[in-house]
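Have a look at target.cif; it's mmCIF, C-alpha atoms:
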```
data_coords
#
loop_
_atom_site.label_atom_id
_atom_site.label_comp_id
_atom_site.auth_asym_id
_atom_site.auth_seq_id
_atom_site.Cartn_x
_atom_site.Cartn_y
_atom_site.Cartn_z
CA MET U 29 91.32 30.42 109.78
CA SER U 30 88.15 28.50 110.52
CA ILE U 31 85.22 27.06 108.62
CA SER U 32 81.78 25.98 109.69
CA HIS U 33 80.38 22.47 109.34
CA THR U 34 79.96 22.45 105.57
CA LYS U 35 79.33 20.02 102.79
CA ASP U 36 80.97 22.22 100.13
CA LYS U 37 84.15 20.54 98.90
CA PRO U 38 87.13 22.00 100.79
CA PRO U 39 90.43 22.90 99.09
CA ALA U 40 92.75 20.02 98.17
CA LYS U 41 95.29 21.02 100.82
CA VAL U 42 92.71 20.30 103.54
CA PHE U 43 92.43 16.69 102.43
CA PHE U 44 96.19 16.48 101.97
CA ALA U 45 96.74 17.61 105.57
CA LEU U 46 94.33 14.94 106.83
CA TYR U 47 95.95 12.24 104.69
CA LEU U 48 99.39 13.31 105.89
CA ALA U 49 98.30 13.05 109.53
CA MET U 50 96.96 9.52 108.95
CA MET U 51 100.10 8.50 107.06
CA ALA U 52 102.23 9.69 109.98
CA VAL U 53 100.14 7.56 112.37
CA GLY U 54 100.44 4.51 110.10
CA MET U 55 104.19 4.91 109.74
CA GLY U 56 104.56 5.28 113.48
CA GLN U 57 102.69 2.04 114.14
CA THR U 58 104.77 -0.16 111.86
CA VAL U 59 108.20 1.35 112.48
CA VAL U 60 107.69 0.46 116.15
CA PHE U 61 106.64 -3.09 115.21
CA ALA U 62 109.77 -3.43 113.08
CA ILE U 63 112.16 -2.14 115.76
CA ILE U 64 110.88 -3.31 119.14
CA PRO U 65 111.55 -7.09 118.77
CA MET U 66 115.24 -6.60 117.97
CA LEU U 67 115.65 -3.60 120.27
CA GLY U 68 114.15 -5.61 123.11
CA ARG U 69 116.66 -8.39 122.59
CA GLU U 70 119.50 -5.86 122.36
CA LEU U 71 118.35 -4.57 125.77
CA ALA U 72 118.18 -8.19 127.04
CA LEU U 73 114.52 -7.83 127.99
CA ASP U 74 113.93 -11.44 126.96
CA LYS U 75 116.42 -12.48 129.68
CA LEU U 76 114.57 -10.76 132.51
CA VAL U 77 113.47 -12.74 135.53
CA PHE U 78 110.72 -11.28 137.74
CA GLN U 79 110.54 -12.17 141.40
CA LEU U 80 107.20 -12.03 143.24
CA PRO U 81 108.35 -12.31 146.87
CA ILE U 82 104.92 -12.28 148.48
CA LEU U 83 103.77 -15.26 146.43
CA ASP U 84 107.27 -16.75 146.18
CA ILE U 85 106.96 -16.97 142.39
CA THR U 86 109.70 -16.53 139.80
CA LEU U 87 108.71 -15.59 136.24
CA ALA U 88 110.86 -15.68 133.11
CA PRO U 89 108.50 -14.48 130.32
CA LYS U 90 111.22 -14.45 127.59
CA GLU U 91 109.87 -12.80 124.37
CA LEU U 92 106.56 -12.07 126.13
CA THR U 93 108.40 -9.36 128.07
CA ILE U 94 109.11 -7.56 124.79
CA THR U 95 105.71 -8.07 123.15
CA SER U 96 104.02 -6.85 126.34
CA LEU U 97 105.31 -3.35 125.54
CA SER U 98 103.10 -3.24 122.44
CA ALA U 99 100.19 -4.85 124.27
CA LEU U 100 100.39 -2.15 126.94
CA ALA U 101 100.33 0.58 124.28
CA ALA U 102 97.23 -1.02 122.74
CA VAL U 103 95.48 -1.09 126.15
CA VAL U 104 96.16 2.60 126.62
CA PHE U 105 94.99 3.32 123.05
CA PHE U 106 91.79 1.32 123.67
CA PHE U 107 90.83 3.57 126.58
CA ALA U 108 92.33 6.88 125.41
CA ALA U 109 91.01 7.08 121.84
CA PRO U 110 87.31 7.41 122.85
CA PHE U 111 88.31 10.16 125.31
CA TRP U 112 90.06 12.15 122.57
CA GLY U 113 87.07 11.62 120.27
CA ARG U 114 84.65 13.02 122.85
CA LEU U 115 87.02 15.90 123.60
CA SER U 116 87.13 16.79 119.90
CA ASP U 117 83.34 17.28 120.05
CA ARG U 118 83.88 19.97 122.68
CA VAL U 119 87.07 21.75 121.59
CA GLY U 120 87.19 20.98 117.85
CA ARG U 121 89.04 18.45 115.72
CA LYS U 122 92.15 20.40 114.73
CA PRO U 123 93.64 20.81 118.25
CA ILE U 124 93.20 17.08 118.91
CA ILE U 125 94.88 16.08 115.62
CA ILE U 126 97.85 18.35 116.35
CA THR U 127 98.07 17.17 119.96
CA GLY U 128 98.21 13.56 118.78
CA LEU U 129 100.97 14.22 116.26
CA LEU U 130 103.09 16.26 118.67
CA GLY U 131 102.37 13.69 121.35
CA TYR U 132 103.72 11.00 119.05
CA ALA U 133 106.91 12.98 118.50
CA LEU U 134 107.39 13.69 122.22
CA GLY U 135 106.48 10.13 123.20
CA SER U 136 109.02 8.76 120.73
CA MET U 137 111.74 10.95 122.22
CA VAL U 138 110.86 9.81 125.75
CA PHE U 139 110.94 6.16 124.67
CA ASN U 140 114.24 6.71 122.85
CA PHE U 141 115.75 8.30 125.96
CA ALA U 142 114.71 5.31 128.07
CA SER U 143 116.11 2.92 125.44
CA TYR U 144 119.36 4.89 125.25
CA LEU U 145 119.85 4.44 129.00
CA GLY U 146 119.64 0.70 128.42
CA LEU U 147 121.87 0.61 125.33
CA ALA U 148 124.50 2.73 127.12
CA GLY U 149 124.48 0.42 130.15
CA ILE U 150 123.28 3.16 132.48
CA LEU U 151 120.10 1.29 133.38
CA SER U 152 119.18 -2.37 133.01
CA GLY U 153 116.97 -5.17 134.28
CA VAL U 154 113.51 -4.69 135.73
CA ALA U 155 114.07 -0.96 136.33
CA LEU U 156 114.73 -0.43 132.62
CA TYR U 157 111.69 -2.50 131.69
CA PHE U 158 109.33 -0.44 133.86
CA LEU U 159 110.78 2.81 132.51
CA LEU U 160 110.07 1.54 129.00
CA VAL U 161 106.55 0.58 130.08
CA ILE U 162 105.90 4.10 131.40
CA SER U 163 107.30 5.75 128.26
CA ARG U 164 105.23 3.51 125.95
CA GLY U 165 102.12 4.21 127.98
CA PHE U 166 102.65 7.97 127.76
CA HIS U 167 103.37 7.67 124.05
CA ALA U 168 100.13 5.78 123.32
CA MET U 169 98.01 7.98 125.57
CA VAL U 170 98.82 11.21 123.73
CA MET U 171 99.28 9.99 120.14
CA SER U 172 95.88 8.24 120.17
CA GLY U 173 94.13 11.57 119.53
CA THR U 174 95.10 11.86 115.86
CA HIS U 175 93.03 8.98 114.48
CA PRO U 176 89.61 9.87 115.99
CA GLY U 177 90.24 13.57 115.40
CA ALA U 178 91.02 13.07 111.70
CA ALA U 179 88.10 10.66 111.18
CA ALA U 180 85.64 13.09 112.83
CA TYR U 181 87.02 15.98 110.73
CA MET U 182 86.40 13.95 107.56
CA VAL U 183 82.80 13.35 108.65
CA ASP U 184 82.39 17.11 109.22
CA ILE U 185 83.46 18.06 105.69
CA THR U 186 81.77 15.33 103.63
CA THR U 187 78.20 14.66 102.62
CA VAL U 188 76.48 11.43 103.53
CA SER U 189 76.81 10.18 99.95
CA GLY U 190 80.52 11.05 99.82
CA ARG U 191 81.44 9.86 103.28
CA THR U 192 82.32 6.31 102.32
CA GLN U 193 84.79 7.53 99.71
CA GLY U 194 86.24 10.08 102.14
CA MET U 195 86.72 7.57 104.93
CA GLY U 196 88.10 5.03 102.46
CA LYS U 197 90.75 7.48 101.26
CA LEU U 198 91.60 8.32 104.86
CA GLN U 199 92.18 4.64 105.62
CA ALA U 200 94.16 4.23 102.40
CA ALA U 201 96.46 7.05 103.54
CA ASN U 202 96.91 5.24 106.85
CA GLN U 203 97.75 2.03 104.98
CA LEU U 204 100.32 3.83 102.85
CA GLY U 205 101.98 4.92 106.07
CA VAL U 206 101.83 1.34 107.31
CA MET U 207 103.62 0.27 104.12
CA PHE U 208 106.34 2.93 104.19
CA GLY U 209 106.96 2.89 107.96
CA PRO U 210 109.12 -0.25 107.96
CA VAL U 211 111.40 1.35 105.35
CA LEU U 212 112.76 3.46 108.20
CA ALA U 213 113.96 0.26 109.85
CA TRP U 214 116.88 0.25 107.42
CA PHE U 215 118.38 3.07 109.50
CA VAL U 216 119.07 0.61 112.32
CA SER U 217 122.47 0.28 110.63
CA VAL U 218 123.12 3.74 112.10
CA SER U 219 121.44 3.06 115.43
CA PHE U 220 118.51 1.06 116.76
CA LEU U 221 116.96 4.38 117.79
CA ALA U 222 117.53 6.23 114.49
CA PRO U 223 114.21 5.12 112.87
CA LEU U 224 112.22 6.40 115.84
CA PHE U 225 114.08 9.72 115.81
CA ILE U 226 113.32 10.13 112.11
CA GLN U 227 109.65 9.27 112.64
CA ALA U 228 109.43 11.84 115.46
CA VAL U 229 110.70 14.51 113.03
CA LEU U 230 108.17 13.44 110.38
CA ALA U 231 105.31 13.56 112.90
CA THR U 232 106.36 17.06 113.94
CA ALA U 233 106.43 18.17 110.30
CA ALA U 234 102.93 16.72 109.79
CA ALA U 235 101.69 18.62 112.85
CA ILE U 236 103.08 21.89 111.44
CA LEU U 237 101.35 21.33 108.08
CA VAL U 238 98.07 20.48 109.80
CA TRP U 239 98.38 23.72 111.81
CA LEU U 240 99.04 25.73 108.64
CA TRP U 241 96.63 24.10 106.17
CA LEU U 242 93.72 22.64 108.14
CA PRO U 243 90.98 25.18 108.92
CA SER U 244 89.42 25.05 112.37
CA ILE U 245 85.81 23.87 112.59
CA PRO U 246 83.88 25.28 115.57
CA PRO U 247 82.40 22.47 117.68
CA GLN U 248 78.67 21.93 117.38
CA PRO U 249 76.43 22.64 120.40
CA ALA U 250 75.86 19.58 122.55
CA ALA U 251 72.49 17.88 122.18
CA ASP U 252 70.05 18.01 125.11
CA THR U 253 69.49 14.26 125.03
CA ARG U 254 71.88 11.41 124.40
CA PRO U 255 70.92 8.28 122.45
CA ARG U 256 71.00 4.90 124.14
CA ARG U 257 74.46 3.32 123.98
CA MET U 258 74.84 0.33 121.70
CA SER U 259 75.98 -2.99 123.15
CA TYR U 260 78.93 -5.10 122.03
CA PHE U 261 76.64 -8.12 122.45
CA ASP U 262 73.83 -6.95 120.17
CA ALA U 263 72.68 -10.05 118.26
CA ARG U 264 72.67 -8.13 114.98
CA TYR U 265 76.44 -7.65 114.77
CA ARG U 266 78.12 -9.51 117.65
CA LEU U 267 79.34 -12.13 115.17
CA PHE U 268 81.48 -9.44 113.54
CA ILE U 269 82.69 -8.14 116.87
CA PHE U 270 84.12 -11.64 117.29
CA VAL U 271 85.46 -11.75 113.72
CA GLY U 272 87.19 -8.37 114.06
CA PHE U 273 88.73 -9.31 117.40
CA VAL U 274 90.16 -12.56 116.01
CA LEU U 275 91.39 -11.03 112.74
CA PHE U 276 93.27 -8.17 114.36
CA SER U 277 94.57 -10.31 117.21
CA LEU U 278 96.19 -12.46 114.53
CA ILE U 279 97.60 -9.42 112.72
CA ALA U 280 99.13 -8.18 115.97
CA MET U 281 100.45 -11.63 116.88
CA ILE U 282 102.16 -12.06 113.51
CA GLN U 283 103.61 -8.55 113.38
CA GLN U 284 104.96 -8.76 116.91
CA THR U 285 106.64 -12.16 116.64
CA LEU U 286 107.88 -12.07 113.07
CA GLY U 287 110.91 -9.95 113.97
CA PHE U 288 112.09 -12.69 116.31
CA TYR U 289 111.17 -15.31 113.70
CA PHE U 290 113.29 -13.68 110.99
CA GLN U 291 116.28 -13.47 113.31
CA ASP U 292 115.99 -17.04 114.56
CA THR U 293 115.02 -18.69 111.25
CA LEU U 294 117.65 -16.94 109.13
CA SER U 295 120.34 -16.85 111.85
CA VAL U 296 121.14 -13.16 111.30
CA ASP U 297 121.98 -10.37 113.73
CA GLY U 298 119.46 -7.85 115.02
CA VAL U 299 120.31 -5.15 112.48
CA ARG U 300 119.96 -7.46 109.47
CA SER U 301 116.81 -8.98 110.94
CA ALA U 302 115.18 -5.55 111.31
CA GLN U 303 116.04 -4.72 107.71
CA LEU U 304 114.66 -7.99 106.30
CA PHE U 305 111.56 -7.73 108.48
CA SER U 306 110.95 -4.23 107.10
CA VAL U 307 111.05 -5.68 103.57
CA ALA U 308 108.46 -8.28 104.60
CA MET U 309 106.20 -5.58 106.05
CA VAL U 310 106.44 -3.57 102.82
CA VAL U 311 105.58 -6.68 100.78
CA SER U 312 102.62 -7.41 103.05
CA SER U 313 101.32 -3.83 102.95
CA ALA U 314 101.73 -3.63 99.16
CA MET U 315 99.65 -6.79 98.71
CA MET U 316 97.07 -5.45 101.15
CA ILE U 317 96.73 -2.22 99.16
CA PHE U 318 96.58 -4.21 95.91
CA ALA U 319 93.72 -6.29 97.33
CA GLN U 320 91.86 -3.21 98.56
CA LEU U 321 92.29 -1.11 95.41
CA GLY U 322 92.54 -3.80 92.77
CA VAL U 323 89.88 -6.23 94.02
CA VAL U 324 87.66 -4.67 96.71
CA GLN U 325 87.05 -1.39 94.83
CA ARG U 326 86.00 -3.31 91.69
CA PHE U 327 83.86 -5.92 93.44
CA GLY U 328 80.12 -5.36 93.22
CA GLY U 329 78.77 -8.32 95.17
CA ALA U 330 77.95 -8.95 98.82
CA PRO U 331 80.85 -8.25 101.24
CA VAL U 332 80.49 -11.68 102.80
CA THR U 333 81.82 -13.12 99.53
CA LEU U 334 85.10 -11.23 100.00
CA LEU U 335 85.20 -12.28 103.64
CA PHE U 336 85.01 -15.94 102.70
CA ALA U 337 87.43 -15.43 99.79
CA GLY U 338 90.11 -13.79 101.92
CA MET U 339 90.28 -16.35 104.71
CA PRO U 340 91.85 -19.20 102.68
CA PHE U 341 94.68 -16.84 101.70
CA SER U 342 95.20 -16.01 105.38
CA LEU U 343 95.15 -19.70 106.31
CA LEU U 344 97.70 -20.50 103.61
CA SER U 345 99.94 -17.66 104.75
CA TYR U 346 100.06 -18.97 108.32
CA LEU U 347 100.86 -22.49 107.11
CA VAL U 348 103.69 -21.18 104.91
CA LEU U 349 105.11 -19.12 107.78
CA ALA U 350 104.87 -22.03 110.21
CA ASN U 351 106.99 -24.16 107.88
CA ALA U 352 109.32 -21.43 106.58
CA ASP U 353 113.05 -22.10 106.66
CA ASN U 354 114.30 -19.50 104.17
CA LEU U 355 113.73 -15.87 103.15
CA VAL U 356 111.64 -16.72 100.07
CA MET U 357 109.09 -18.64 102.15
CA LEU U 358 108.97 -15.87 104.76
CA LEU U 359 108.34 -13.19 102.12
CA GLY U 360 105.84 -15.40 100.31
CA GLY U 361 103.96 -16.03 103.52
CA MET U 362 103.77 -12.31 104.25
CA ALA U 363 102.55 -11.59 100.69
CA LEU U 364 99.70 -14.07 101.17
CA PHE U 365 99.04 -12.61 104.61
CA GLY U 366 98.71 -9.08 103.20
CA PHE U 367 96.44 -10.14 100.34
CA GLY U 368 94.16 -12.13 102.65
CA MET U 369 93.86 -9.29 105.16
CA GLY U 370 93.26 -6.83 102.32
CA LEU U 371 90.10 -8.79 101.48
CA THR U 372 88.87 -9.67 104.96
CA GLY U 373 89.65 -6.37 106.73
CA PRO U 374 87.20 -4.07 104.91
CA SER U 375 84.62 -6.82 104.25
CA PHE U 376 84.06 -7.74 107.91
CA THR U 377 83.30 -4.06 108.63
CA ALA U 378 80.98 -3.80 105.64
CA CYS U 379 79.06 -6.91 106.74
CA ALA U 380 78.41 -5.38 110.16
CA THR U 381 77.13 -2.10 108.68
CA LEU U 382 74.40 -3.95 106.76
CA VAL U 383 72.35 -4.72 109.86
CA VAL U 384 72.22 -1.34 111.66
CA ARG U 385 70.33 1.85 110.86
CA ALA U 386 71.95 4.97 109.42
CA GLU U 387 71.91 6.80 112.75
CA GLU U 388 73.79 3.89 114.37
CA GLN U 389 76.66 3.73 111.87
CA GLY U 390 78.97 6.15 113.69
CA GLU U 391 78.78 4.38 117.03
CA LEU U 392 79.18 1.00 115.35
CA ALA U 393 82.35 2.26 113.64
CA GLY U 394 83.71 3.34 117.01
CA MET U 395 82.94 -0.05 118.54
CA LEU U 396 84.62 -1.90 115.69
CA GLY U 397 87.66 0.36 116.06
CA SER U 398 87.90 -0.34 119.78
CA ILE U 399 87.72 -4.09 119.12
CA ILE U 400 90.61 -3.74 116.69
CA GLY U 401 92.56 -2.05 119.50
CA LEU U 402 91.64 -4.88 121.84
CA GLY U 403 93.04 -7.34 119.31
CA PHE U 404 96.35 -5.52 119.50
CA VAL U 405 96.29 -6.10 123.25
CA PHE U 406 95.60 -9.83 123.10
CA GLY U 407 97.63 -10.72 119.99
CA PRO U 408 101.12 -9.69 121.21
CA LEU U 409 100.57 -11.37 124.58
CA LEU U 410 99.42 -14.66 123.02
CA GLY U 411 102.15 -14.50 120.38
CA GLY U 412 104.89 -13.81 122.90
CA ALA U 413 103.74 -16.62 125.17
CA LEU U 414 103.54 -19.15 122.30
CA TYR U 415 106.86 -18.05 120.80
CA SER U 416 108.62 -18.62 124.11
CA ILE U 417 107.55 -22.28 123.83
CA SER U 418 108.35 -22.77 120.14
CA PRO U 419 108.98 -20.20 117.36
CA SER U 420 106.45 -21.78 114.98
CA TYR U 421 103.61 -22.05 117.51
CA PRO U 422 102.12 -18.54 116.88
CA TYR U 423 101.62 -19.40 113.20
CA TRP U 424 100.14 -22.83 113.85
CA ALA U 425 97.79 -21.22 116.39
CA ALA U 426 96.82 -18.56 113.84
CA ALA U 427 96.00 -21.25 111.28
CA LEU U 428 93.84 -23.08 113.81
CA LEU U 429 91.95 -19.90 114.77
CA ILE U 430 91.28 -19.07 111.12
CA VAL U 431 89.79 -22.55 110.58
CA VAL U 432 87.57 -22.06 113.65
CA MET U 433 86.43 -18.66 112.36
CA MET U 434 85.71 -20.02 108.88
CA ALA U 435 83.60 -22.80 110.39
CA THR U 436 81.76 -20.31 112.61
CA LEU U 437 80.94 -18.02 109.69
CA PHE U 438 79.84 -20.95 107.55
CA MET U 439 77.41 -22.14 110.24
CA HIS U 440 75.96 -18.63 110.62
CA TRP U 441 75.64 -18.36 106.83
CA ARG U 442 73.77 -21.68 106.69
CA ALA U 443 71.51 -20.43 109.50
CA GLY U 444 70.66 -17.27 107.50
CA HIS U 445 72.39 -14.60 109.61
CA PRO U 446 71.03 -11.21 108.35
CA SER U 447 74.41 -9.66 107.58
CA LEU U 448 75.39 -12.71 105.53
CA VAL U 449 72.22 -12.72 103.41
CA PRO U 450 72.01 -9.73 101.02
CA SER U 451 68.22 -9.99 100.73
CA ALA U 452 67.90 -9.35 104.47
CA VAL U 453 69.89 -6.08 104.43
CA ILE U 454 68.23 -3.22 106.34
CA LYS U 455 67.63 -0.38 103.94
CA LYS U 456 66.88 2.44 106.30
#
```
Serialized structure, structure tokens:
Amino acid sequence: MSISHTKDKPPAKVFFALYLAMMAVGMGQTVVFAIIPMLGRELALDKLVFQLPILDITLAPKELTITSLSALAAVVFFFAAPFWGRLSDRVGRKPIIITGLLGYALGSMVFNFASYLGLAGILSGVALYFLLVISRGFHAMVMSGTHPGAAAYMVDITTVSGRTQGMGKLQAANQLGVMFGPVLAWFVSVSFLAPLFIQAVLATAAAILVWLWLPSIPPQPAADTRPRRMSYFDARYRLFIFVGFVLFSLIAMIQQTLGFYFQDTLSVDGVRSAQLFSVAMVVSSAMMIFAQLGVVQRFGGAPVTLLFAGMPFSLLSYLVLANADNLVMLLGGMALFGFGMGLTGPSFTACATLVVRAEEQGELAGMLGSIIGLGFVFGPLLGGALYSISPSYPYWAAALLIVVMMATLFMHWRAGHPSLVPSAVIKK
């Protein structure tokens, strides 16, 4: 079954299939974050020593070796997602969405096989690490098609006036997946690999439902001329390129080091640490959704107000985490973290959209998305490096960066930056 590009409201099952695809992607992201820190230690990746014979250098990256697996996946996602988005313009959205979901399932199985070789003692050391690197790279390369495919499909089936609501619901579905993904970490009591096996099955089920329920939309003919590409350094919105990069670098840094932090602070084994970390991720995601649905959706003022309002909560969360010595403080810090990011995440994007024209909104959204991916490259690497020096350093560094960003935004606000002054908003 196929439909043309239409603005008539599609059946409910079409939206449900899109939401399910985005939930599967969100669950896949956070179940990996919850498992990899403890799985990496179980595989002794933090004990690896790399020899560079030509330069006569010996490296012992410690936890950075583990967090680099997520950074690598983010690098691949950064480059692959735009490719899948362009391909969906030529072959249609549905095949790309299904390819991404099946690619997630297959990539998870490949990663699990590599991990099993390590857990069974068949492979170890640097050889195991590079096999894990290859499997994570393959996983990210293929699964990265679902997000741009689903977002483009939503654009195809919504009117301009209804697009904000449609994209908002799509992101809410993704956030629900982010919240429920860590719940699967409780299955580490069966095996460290059990959560990833379960997620692979769920992704396959989502792909089947997308195949059954999502009508195909024929691709539109290519235009004869292409518009000029927008620059990341455009003076209108480069401030928010910086803000987005910092915000999501901090999210990635916290998520990728907190598993270690739970284990070391609470002195528990890897299984218990994964379970407690999953609870913290659920708490954080629940507070993020509460902020987005309970505060952001009811707020009628300028988005910069929410941006400024959210940052003190983020700052407080990092200070609580840096000084945490018990489970209550860890969970409290993550609750503050989720609430702060629930306010700042959507508001930084909204601020940027105020200063570009309607025909530039799509490309701007793609650029902001790629910057978020870049944050998930930088954050795990910085977090792993700082954690190897002292467990609290990533959280002190996050607090310092938030203060710098607050000062930067305040100076731009005082200077009358267009996106921070509602009266200067471009209307056309």
Determine the residue membership of the PyMOL selection byres ((chain U and resi 339) around 9) for the file above and supply it as a PDB file with C-alpha atoms, in the frame of the given file.
```
ATOM      1  CA  LEU U 334      85.100 -11.230 100.000  1.00  0.00           C
ATOM      2  CA  LEU U 335      85.200 -12.280 103.640  1.00  0.00           C
ATOM      3  CA  PHE U 336      85.010 -15.940 102.700  1.00  0.00           C
ATOM      4  CA  ALA U 337      87.430 -15.430  99.790  1.00  0.00           C
ATOM      5  CA  GLY U 338      90.110 -13.790 101.920  1.00  0.00           C
ATOM      6  CA  PRO U 340      91.850 -19.200 102.680  1.00  0.00           C
ATOM      7  CA  PHE U 341      94.680 -16.840 101.700  1.00  0.00           C
ATOM      8  CA  SER U 342      95.200 -16.010 105.380  1.00  0.00           C
ATOM      9  CA  LEU U 343      95.150 -19.700 106.310  1.00  0.00           C
ATOM     10  CA  LEU U 344      97.700 -20.500 103.610  1.00  0.00           C
ATOM     11  CA  GLY U 368      94.160 -12.130 102.650  1.00  0.00           C
ATOM     12  CA  MET U 369      93.860  -9.290 105.160  1.00  0.00           C
ATOM     13  CA  LEU U 371      90.100  -8.790 101.480  1.00  0.00           C
ATOM     14  CA  THR U 372      88.870  -9.670 104.960  1.00  0.00           C
ATOM     15  CA  ILE U 430      91.280 -19.070 111.120  1.00  0.00           C
ATOM     16  CA  VAL U 431      89.790 -22.550 110.580  1.00  0.00           C
ATOM     17  CA  MET U 433      86.430 -18.660 112.360  1.00  0.00           C
ATOM     18  CA  MET U 434      85.710 -20.020 108.880  1.00  0.00           C
TER      19      MET U 434
END
```
- Could you tell me which residues the PyMOL selection byres ((chain U and resi 237) around 10) grabs in this file, written as a list in words? Lys41, Val42, Phe44, Ala45, Leu46, Leu48, Ala49, Ile126, Ala231, Thr232, Ala233, Ala234, Ala235, Ile236, Val238, Trp239, Leu240, Trp241 and Leu242 of chain U
Mind dumping the selected residues with C-alpha atoms as a PDB file, keeping the file's coordinate frame?
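That gives us out.pdb:
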```pdb
ATOM      1  CA  LYS U  41      95.290  21.020 100.820  1.00  0.00           C
ATOM      2  CA  VAL U  42      92.710  20.300 103.540  1.00  0.00           C
ATOM      3  CA  PHE U  44      96.190  16.480 101.970  1.00  0.00           C
ATOM      4  CA  ALA U  45      96.740  17.610 105.570  1.00  0.00           C
ATOM      5  CA  LEU U  46      94.330  14.940 106.830  1.00  0.00           C
ATOM      6  CA  LEU U  48      99.390  13.310 105.890  1.00  0.00           C
ATOM      7  CA  ALA U  49      98.300  13.050 109.530  1.00  0.00           C
ATOM      8  CA  ILE U 126      97.850  18.350 116.350  1.00  0.00           C
ATOM      9  CA  ALA U 231     105.310  13.560 112.900  1.00  0.00           C
ATOM     10  CA  THR U 232     106.360  17.060 113.940  1.00  0.00           C
ATOM     11  CA  ALA U 233     106.430  18.170 110.300  1.00  0.00           C
ATOM     12  CA  ALA U 234     102.930  16.720 109.790  1.00  0.00           C
ATOM     13  CA  ALA U 235     101.690  18.620 112.850  1.00  0.00           C
ATOM     14  CA  ILE U 236     103.080  21.890 111.440  1.00  0.00           C
ATOM     15  CA  VAL U 238      98.070  20.480 109.800  1.00  0.00           C
ATOM     16  CA  TRP U 239      98.380  23.720 111.810  1.00  0.00           C
ATOM     17  CA  LEU U 240      99.040  25.730 108.640  1.00  0.00           C
ATOM     18  CA  TRP U 241      96.630  24.100 106.170  1.00  0.00           C
ATOM     19  CA  LEU U 242      93.720  22.640 108.140  1.00  0.00           C
TER      20      LEU U 242
END
```
- Task: Starting from the shown file, work through the PyMOL selection byres ((chain U and resi 147) around 12) and note down what comes out as a count of residues only.
- Result: 24
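Residue nearest Ala352 of chain U, chosen from U:Tyr415, U:Tyr289, U:Phe318, U:Phe305 and counting only C-alpha atoms: U:Tyr289.
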- Query: So what do you get for atom CA of Leu414 of chain U versus atom CA of Met169 of chain U, distance-wise?
  - Reply: 27.9 Å
- Query: Hey, which of U:Gly407, U:Pro210, U:Gly165, U:Pro89 ends up closest to Gly287 of chain U? Count all atoms listed in the file.
  - Reply: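 Using all atoms listed in the file, the shortest distance to Gly287 of chain U belongs to U:Pro210.
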- Task: Calculate how many Å separate atom CA of Leu198 of chain U from atom CA of Leu437 of chain U, rounding to one decimal.
- Result: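 Taking atom CA of Leu198 of chain U and atom CA of Leu437 of chain U, their separation equals 28.8 Å.
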- Radius query 8 Å about (100.9, 8.6, 102.1), atoms used: all atoms listed in the file, as a PyMOL selection string: chain U and resi 47-48+50-51+201-205
- Message: Considering all atoms listed in the file, can you say which of U:Val59, U:Ile124, U:Val405, U:Met309 comes closest to Ala99 of chain U?
- Response: U:Val405
